[in-house]
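Pasting coords-v2.txt here (compact mmCIF, C-alpha atoms):
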# COMPACT_ATOMS: atom_id res chain seq x y z
CA MET A 1 -9.02 13.08 22.37
CA LYS A 2 -8.67 10.31 19.80
CA MET A 3 -6.37 9.32 16.95
CA ARG A 4 -7.69 9.89 13.44
CA PRO A 5 -9.61 6.72 12.53
CA SER A 6 -8.65 4.80 9.40
CA LYS A 7 -10.98 5.20 6.46
CA VAL A 8 -9.56 2.01 4.91
CA LEU A 9 -10.32 -0.10 7.98
CA ARG A 10 -13.77 1.42 8.37
CA LYS A 11 -14.67 0.47 4.80
CA LEU A 12 -13.08 -2.98 4.96
CA ARG A 13 -14.82 -3.83 8.22
CA ALA A 14 -18.12 -2.75 6.67
CA GLY A 15 -17.57 -5.11 3.74
CA GLU A 16 -16.90 -2.28 1.28
CA ILE A 17 -14.25 -2.00 -1.45
CA VAL A 18 -11.24 0.26 -0.98
CA ASN A 19 -9.89 2.21 -3.96
CA CYS A 20 -6.18 2.96 -3.79
CA THR A 21 -3.58 4.38 -6.16
CA LYS A 22 0.22 4.53 -6.07
CA VAL A 23 2.22 7.76 -6.21
CA ASN A 24 5.96 7.60 -6.94
CA PHE A 25 6.61 11.35 -6.80
CA SER A 26 7.51 12.98 -3.49
CA ASP A 27 5.80 16.36 -3.90
CA PRO A 28 2.77 16.55 -1.56
CA ARG A 29 0.67 18.06 -4.35
CA ALA A 30 0.94 14.75 -6.20
CA PHE A 31 -0.84 13.20 -3.19
CA GLU A 32 -3.34 15.95 -2.59
CA ILE A 33 -4.82 15.70 -6.10
CA PRO A 34 -5.94 12.03 -5.86
CA ALA A 35 -7.03 12.65 -2.26
CA ILE A 36 -9.28 15.50 -3.42
CA ALA A 37 -10.53 13.31 -6.29
CA GLY A 38 -11.85 10.80 -3.78
CA PHE A 39 -9.42 7.90 -3.45
CA ASP A 40 -9.70 6.13 -0.11
CA CYS A 41 -5.99 5.47 0.15
CA ILE A 42 -2.75 6.53 -1.51
CA TRP A 43 0.29 4.27 -1.57
CA THR A 44 3.71 5.84 -1.08
CA CYS A 45 6.94 3.87 -1.07
CA GLN A 46 10.24 3.81 0.78
CA GLU A 47 11.27 0.40 -0.56
CA HIS A 48 12.10 1.51 -4.10
CA ILE A 49 11.87 5.30 -3.85
CA GLY A 50 14.06 7.70 -1.87
CA THR A 51 11.19 9.28 0.04
CA ASP A 52 12.59 10.82 3.21
CA TYR A 53 10.73 11.38 6.45
CA ARG A 54 10.15 15.10 5.88
CA GLU A 55 8.53 14.31 2.52
CA LEU A 56 6.52 11.51 4.10
CA GLN A 57 5.31 13.88 6.81
CA GLU A 58 4.00 16.29 4.16
CA GLN A 59 2.30 13.45 2.29
CA VAL A 60 0.53 12.39 5.49
CA MET A 61 -0.64 15.93 6.18
CA VAL A 62 -2.20 16.57 2.78
CA THR A 63 -3.92 13.19 2.53
CA LYS A 64 -5.52 13.21 5.97
CA ALA A 65 -6.68 16.78 5.36
CA HIS A 66 -9.05 15.22 2.79
CA ASP A 67 -9.96 12.12 4.86
CA CYS A 68 -7.69 9.90 2.77
CA ASP A 69 -5.45 7.23 4.29
CA LEU A 70 -1.75 7.04 3.49
CA LEU A 71 -0.16 3.61 3.08
CA CYS A 72 3.64 3.50 3.23
CA ARG A 73 5.50 0.49 1.86
CA VAL A 74 8.52 0.35 4.13
CA PRO A 75 12.01 -0.96 3.38
CA ARG A 76 12.97 -4.22 4.99
CA GLY A 77 14.96 -3.28 8.06
CA SER A 78 14.76 -2.61 11.77
CA TYR A 79 11.73 -1.79 13.85
CA SER A 80 12.54 1.91 13.40
CA ASP A 81 12.01 1.59 9.64
CA TYR A 82 8.56 0.14 10.32
CA ILE A 83 7.26 2.41 13.07
CA ARG A 84 8.50 5.84 11.96
CA PRO A 85 5.87 6.14 9.19
CA LEU A 86 3.22 5.17 11.74
CA GLU A 87 4.48 7.77 14.21
CA LEU A 88 4.26 10.39 11.44
CA ASP A 89 0.59 9.30 11.25
CA ALA A 90 0.68 7.19 8.11
CA THR A 91 -2.48 5.11 8.45
CA GLY A 92 -0.84 1.84 7.46
CA ILE A 93 2.38 0.19 6.40
CA MET A 94 3.06 -2.60 3.93
CA VAL A 95 6.03 -4.88 4.51
CA PRO A 96 7.37 -6.35 1.25
CA HIS A 97 8.58 -9.88 0.55
CA VAL A 98 7.21 -11.63 3.64
CA MET A 99 8.61 -15.14 3.29
CA SER A 100 7.48 -17.17 6.30
CA ALA A 101 5.28 -17.31 9.37
CA GLU A 102 8.28 -16.44 11.53
CA ASP A 103 8.87 -13.39 9.36
CA ALA A 104 5.22 -12.38 9.76
CA ARG A 105 5.34 -12.83 13.53
CA ASN A 106 8.41 -10.60 13.74
CA VAL A 107 6.61 -7.87 11.79
CA VAL A 108 3.67 -8.01 14.18
CA LYS A 109 5.96 -7.98 17.19
CA MET A 110 7.67 -4.81 15.96
CA THR A 111 4.54 -2.93 14.86
CA ARG A 112 1.82 -3.73 17.42
CA PHE A 113 1.63 -2.64 21.02
CA GLN A 114 0.86 -4.97 23.92
CA PRO A 115 -0.94 -7.30 24.27
CA VAL A 116 -0.46 -8.09 20.56
CA GLY A 117 3.20 -7.18 20.06
CA MET A 118 6.16 -5.33 21.54
CA ARG A 119 6.27 -2.15 19.44
CA PRO A 120 8.51 0.46 21.10
CA VAL A 121 6.40 3.14 22.77
CA ASP A 122 6.52 6.91 22.36
CA GLY A 123 3.18 8.65 21.84
CA GLY A 124 4.70 12.11 21.44
CA ASN A 125 4.39 12.19 17.67
CA ALA A 126 1.68 13.08 15.17
CA ASP A 127 -0.15 9.76 15.48
CA GLY A 128 -0.65 10.24 19.23
CA LYS A 129 -1.37 13.95 18.71
CA TYR A 130 1.83 14.83 20.56
CA CYS A 131 0.83 13.17 23.85
CA MET A 132 -2.68 14.64 23.77
CA VAL A 133 -4.19 11.18 23.25
CA PRO A 134 -4.11 9.59 26.73
CA PHE A 135 -1.38 6.97 26.85
CA GLY A 136 -3.51 3.89 27.42
CA GLU A 137 -6.01 4.98 24.79
CA TYR A 138 -3.17 5.64 22.35
CA LEU A 139 -1.92 2.06 22.63
CA GLU A 140 -5.40 0.62 22.14
CA GLN A 141 -6.34 2.96 19.27
CA ALA A 142 -3.04 2.45 17.44
CA ASN A 143 -3.63 -1.29 17.43
CA ARG A 144 -7.21 -0.81 16.22
CA GLU A 145 -6.96 2.11 13.78
CA ARG A 146 -3.63 1.50 12.03
CA PHE A 147 -3.29 -1.33 9.53
CA ILE A 148 -0.42 -3.69 8.84
CA ILE A 149 -0.16 -5.35 5.41
CA LEU A 150 2.05 -8.32 4.59
CA GLN A 151 3.04 -8.49 0.94
CA ILE A 152 3.25 -11.94 -0.66
CA GLU A 153 5.30 -11.64 -3.82
CA ASP A 154 7.56 -14.69 -3.96
CA TYR A 155 6.69 -18.15 -5.20
CA SER A 156 8.70 -19.77 -2.39
CA ALA A 157 6.45 -18.07 0.21
CA MET A 158 3.44 -20.01 -1.10
CA SER A 159 4.61 -23.20 0.61
CA GLU A 160 4.00 -21.51 3.97
CA LEU A 161 1.04 -19.35 2.94
CA ASP A 162 -1.49 -20.85 5.34
CA GLU A 163 0.89 -20.49 8.28
CA ILE A 164 1.60 -16.87 7.34
CA ALA A 165 -2.10 -16.11 7.02
CA ALA A 166 -2.77 -17.65 10.43
CA VAL A 167 -0.45 -15.26 12.28
CA GLU A 168 -2.39 -12.95 14.59
CA GLY A 169 -2.01 -9.19 14.67
CA TYR A 170 -1.87 -7.99 11.06
CA ASP A 171 -4.75 -6.97 8.81
CA MET A 172 -4.15 -7.89 5.18
CA LEU A 173 -2.33 -10.17 2.77
CA PHE A 174 -1.38 -8.30 -0.39
CA PHE A 175 -0.49 -10.15 -3.60
CA GLY A 176 2.28 -8.58 -5.68
CA PRO A 177 2.08 -10.24 -9.11
CA GLY A 178 5.04 -8.40 -10.68
CA ASP A 179 7.69 -9.70 -8.30
CA PHE A 180 5.86 -13.02 -8.19
CA THR A 181 6.41 -13.56 -11.92
CA HIS A 182 10.03 -12.50 -11.45
CA SER A 183 10.47 -15.12 -8.73
CA LEU A 184 9.21 -17.70 -11.23
CA GLY A 185 11.89 -16.63 -13.71
CA LEU A 186 9.15 -15.36 -16.04
CA PRO A 187 9.06 -11.58 -15.52
CA ILE A 188 5.63 -10.04 -16.21
CA ASN A 189 4.23 -13.31 -17.57
CA PHE A 190 0.87 -12.93 -15.87
CA ASP A 191 -0.63 -15.73 -17.96
CA ASP A 192 1.39 -18.41 -16.16
CA PRO A 193 -1.16 -20.60 -14.32
CA ARG A 194 0.85 -20.33 -11.09
CA VAL A 195 0.10 -16.60 -10.98
CA GLN A 196 -3.65 -17.10 -11.14
CA GLU A 197 -3.42 -19.97 -8.66
CA ALA A 198 -1.51 -17.76 -6.20
CA ARG A 199 -3.98 -14.91 -6.67
CA LEU A 200 -6.84 -17.21 -5.67
CA LYS A 201 -4.99 -18.98 -2.85
CA ILE A 202 -4.02 -15.71 -1.19
CA VAL A 203 -7.67 -14.63 -1.05
CA GLU A 204 -8.72 -18.00 0.32
CA ALA A 205 -5.98 -18.04 2.98
CA ALA A 206 -6.73 -14.47 4.05
CA HIS A 207 -10.46 -15.09 4.43
CA LYS A 208 -9.91 -18.43 6.16
CA HIS A 209 -7.98 -16.68 8.92
CA GLY A 210 -10.12 -13.55 9.18
CA LYS A 211 -7.84 -11.23 7.21
CA PHE A 212 -8.46 -8.95 4.24
CA ALA A 213 -6.98 -9.47 0.78
CA GLY A 214 -5.44 -6.79 -1.42
CA THR A 215 -3.64 -6.58 -4.73
CA VAL A 216 -2.85 -4.35 -7.68
CA GLY A 217 -5.25 -4.06 -10.59
CA SER A 218 -6.88 -1.69 -13.03
CA ILE A 219 -10.33 -0.38 -13.77
CA ASP A 220 -10.55 -3.10 -16.45
CA ASN A 221 -10.08 -6.07 -14.08
CA ARG A 222 -11.33 -4.43 -10.86
CA GLN A 223 -14.66 -6.28 -10.88
CA GLU A 224 -12.94 -9.59 -11.59
CA LEU A 225 -10.72 -9.08 -8.54
CA ILE A 226 -13.70 -8.10 -6.40
CA ASP A 227 -15.51 -11.26 -7.52
CA MET A 228 -12.46 -13.27 -6.40
CA GLY A 229 -12.75 -11.74 -2.93
CA TYR A 230 -10.30 -8.84 -3.00
CA GLN A 231 -11.50 -5.79 -1.06
CA PHE A 232 -8.44 -3.56 -1.42
CA ILE A 233 -7.33 -2.79 -4.97
CA SER A 234 -4.55 -0.39 -5.92
CA MET A 235 -5.14 0.87 -9.44
CA GLY A 236 -2.51 2.52 -11.58
CA GLY A 237 0.27 4.86 -10.66
CA ASN A 238 1.04 8.48 -11.36
CA VAL A 239 4.27 7.74 -13.23
CA VAL A 240 2.40 5.55 -15.73
CA VAL A 241 -0.35 8.12 -16.30
CA TRP A 242 2.11 11.00 -16.60
CA GLY A 243 4.45 9.02 -18.84
CA ASN A 244 1.66 7.93 -21.17
CA TRP A 245 0.31 11.48 -21.37
CA CYS A 246 3.73 12.92 -22.20
CA LYS A 247 4.44 10.24 -24.78
CA GLY A 248 1.03 10.77 -26.39
CA ILE A 249 1.72 14.50 -26.79
CA ILE A 250 5.16 13.92 -28.29
CA ASP A 251 3.88 11.21 -30.64
CA ALA A 252 1.21 13.62 -31.89
CA CYS A 253 3.80 16.38 -32.29
CA ASN A 254 6.14 14.10 -34.20
CA LYS A 255 3.37 13.22 -36.64
CA GLN A 256 2.67 16.90 -37.21
CA SER A 257 6.38 17.64 -37.61
CA SER A 258 6.46 15.64 -40.84
CA LYS A 259 4.86 18.69 -42.45
CA LYS A 260 7.09 21.71 -42.85
CA SER A 261 6.00 25.04 -41.43
CA GLY A 262 4.61 27.51 -43.92
CA TYR A 263 7.29 29.88 -42.66
CA TYR A 264 10.10 27.47 -43.38
CA LYS A 265 12.74 28.90 -45.72
CA SER A 266 15.67 26.97 -47.12
Transcribe the structure of this file into structure tokens.
Amino acid sequence: MKMRPSKVLRKLRAGEIVNCTKVNFSDPRAFEIPAIAGFDCIWTCQEHIGTDYRELQEQVMVTKAHDCDLLCRVPRGSYSDYIRPLELDATGIMVPHVMSAEDARNVVKMTRFQPVGMRPVDGGNADGKYCMVPFGEYLEQANRERFIILQIEDYSAMSELDEIAAVEGYDMLFFGPGDFTHSLGLPINFDDPRVQEARLKIVEAAHKHGKFAGTVGSIDNRQELIDMGYQFISMGGNVVVWGNWCKGIIDACNKQSSKKSGYYKS
């Protein structure tokens, strides 16, 4: 018996592009819809959102039912914060605000089994099919079929970017432009030349050291990012789509409300 293989890693290793989207709601139906639609990966979050482990378990179940990977951005914390999503069978985790090579090495140590790291061992959870994956095979497959992403989103981390990229045992560098502009003291100023420079340098560093590169984008700049060398692109988020749809309906209603109903009586 084997662990479920990662669709994201299969596509990345074949040189293909991975399409991802972010979901901020907790209801599993919010994950099942984009999974059915055909996204390769859905990004859930425990850094900024109060997603608990029962909700995360349901999100994992509905996504993998449609051969879709679940990526969980974890909170910065102990090894338990990092490995619990993996034990629930999330296909990958993303660690935010990685600041140094030492930081990156600690992430790998906590999230990879021997001989790569020193992740605490269980095997009796969903990822190991409740001990039905033979123990030795579980360790090897978990290292091969679960991905670890390091998020670069601070200007100060750029001084050690090459050293971070060179760390062995993780899969992807992910550029977070929003927090990056905030670290520059210029929130959401994506036109600052340091943002574009970082976007390019992260791809170069990742490829130099045999890693993949990911970032956020949209359908409008997706091809531009692919041309830069990004293979993993997270496009949009359900809160933005839902918010824009709701606002569009209300704006249309407000325009119509300027005309009184024919049944209006003073």
Quiz item: Mind pulling up the distance from CA of Ser26 in chain A to CA of Gly38 in chain A?
Solution: 19.5 Å
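Between CA of Trp245 in chain A and CA of Ser257 in chain A there is a distance of 18.4 Å.
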Self-check item: Closest of A:Val23, A:Leu173, A:Leu184, A:Ala126 to Met94 in chain A - atom-to-atom distances counting only C-alpha atoms
Solution: A:Leu173
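With distances restricted to only C-alpha atoms, A:Thr91 is the closest residue to Ser6 in chain A from A:Ser218, A:Thr91, A:Ser80, A:Thr63.
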Quiz item: Please, what distance in Å, to one decimal, runs between CA of Pro85 in chain A and CA of Pro34 in chain A?
Solution: 20.0 Å
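Proximity of A:Arg194, A:Gly117, A:Cys20, A:Asp89 to Tyr130 in chain A, computed with all atoms listed in the file, is greatest for A:Asp89.
Nearest to Ala90 in chain A of all the residues A:Met110, A:Ala213, A:Val121, A:Met3 is A:Met3, counting all atoms listed in the file.
Minimum distance to Glu102 in chain A across A:Val116, A:Ala166, A:Ala37, A:Leu225 (counting all atoms listed in the file) occurs at A:Ala166.
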Practice problem: Can you pull out every residue within 9 Å of Ala165 in chain A, counting all atoms listed in the file, but drop anything in the same chain fewer than 2 positions away, and send it as a PyMOL selection string? | Solution: chain A and resi 101+104+160-163+167-168+172-173+202+205-211
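Counting all atoms listed in the file, the residue from A:Arg199, A:His48, A:Lys11, A:Arg112 that sits nearest to Gln141 in chain A is A:Arg112.
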Quiz prompt | Shell of 12 Å around Pro120 in chain A, only C-alpha atoms, local chain residues under 6 positions omitted, as number ranges by chain | solution = A: 78-80, 82-84, 86-87, 108-114, 139
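For Arg76 in chain A, the non-local neighbours within 9 Å, defined as residues at least 2 positions apart in the same chain or in other chains and counting only C-alpha atoms, are Glu47, Val74, Ser78, Asp81, Tyr82, Val95, Pro96 and His97 of chain A.
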For Cys41 in chain A, find every residue with an atom within 10 Å (counting all atoms listed in the file), except residues of its own chain fewer than 6 positions away, and show them as a PDB file with C-alpha atoms, in the frame of the given file.
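Heads up, here's the output in part.pdb:
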ATOM      1  CA  SER A   6      -8.650   4.800   9.400  1.00  0.00           C
ATOM      2  CA  LYS A   7     -10.980   5.200   6.460  1.00  0.00           C
ATOM      3  CA  VAL A   8      -9.560   2.010   4.910  1.00  0.00           C
ATOM      4  CA  VAL A  18     -11.240   0.260  -0.980  1.00  0.00           C
ATOM      5  CA  ASN A  19      -9.890   2.210  -3.960  1.00  0.00           C
ATOM      6  CA  CYS A  20      -6.180   2.960  -3.790  1.00  0.00           C
ATOM      7  CA  THR A  21      -3.580   4.380  -6.160  1.00  0.00           C
ATOM      8  CA  LYS A  22       0.220   4.530  -6.070  1.00  0.00           C
ATOM      9  CA  PHE A  31      -0.840  13.200  -3.190  1.00  0.00           C
ATOM     10  CA  PRO A  34      -5.940  12.030  -5.860  1.00  0.00           C
ATOM     11  CA  ALA A  35      -7.030  12.650  -2.260  1.00  0.00           C
ATOM     12  CA  THR A  63      -3.920  13.190   2.530  1.00  0.00           C
ATOM     13  CA  LYS A  64      -5.520  13.210   5.970  1.00  0.00           C
ATOM     14  CA  ASP A  67      -9.960  12.120   4.860  1.00  0.00           C
ATOM     15  CA  CYS A  68      -7.690   9.900   2.770  1.00  0.00           C
ATOM     16  CA  ASP A  69      -5.450   7.230   4.290  1.00  0.00           C
ATOM     17  CA  LEU A  70      -1.750   7.040   3.490  1.00  0.00           C
ATOM     18  CA  LEU A  71      -0.160   3.610   3.080  1.00  0.00           C
ATOM     19  CA  THR A  91      -2.480   5.110   8.450  1.00  0.00           C
ATOM     20  CA  GLY A  92      -0.840   1.840   7.460  1.00  0.00           C
ATOM     21  CA  PHE A 232      -8.440  -3.560  -1.420  1.00  0.00           C
ATOM     22  CA  ILE A 233      -7.330  -2.790  -4.970  1.00  0.00           C
ATOM     23  CA  SER A 234      -4.550  -0.390  -5.920  1.00  0.00           C
TER      24      SER A 234
END
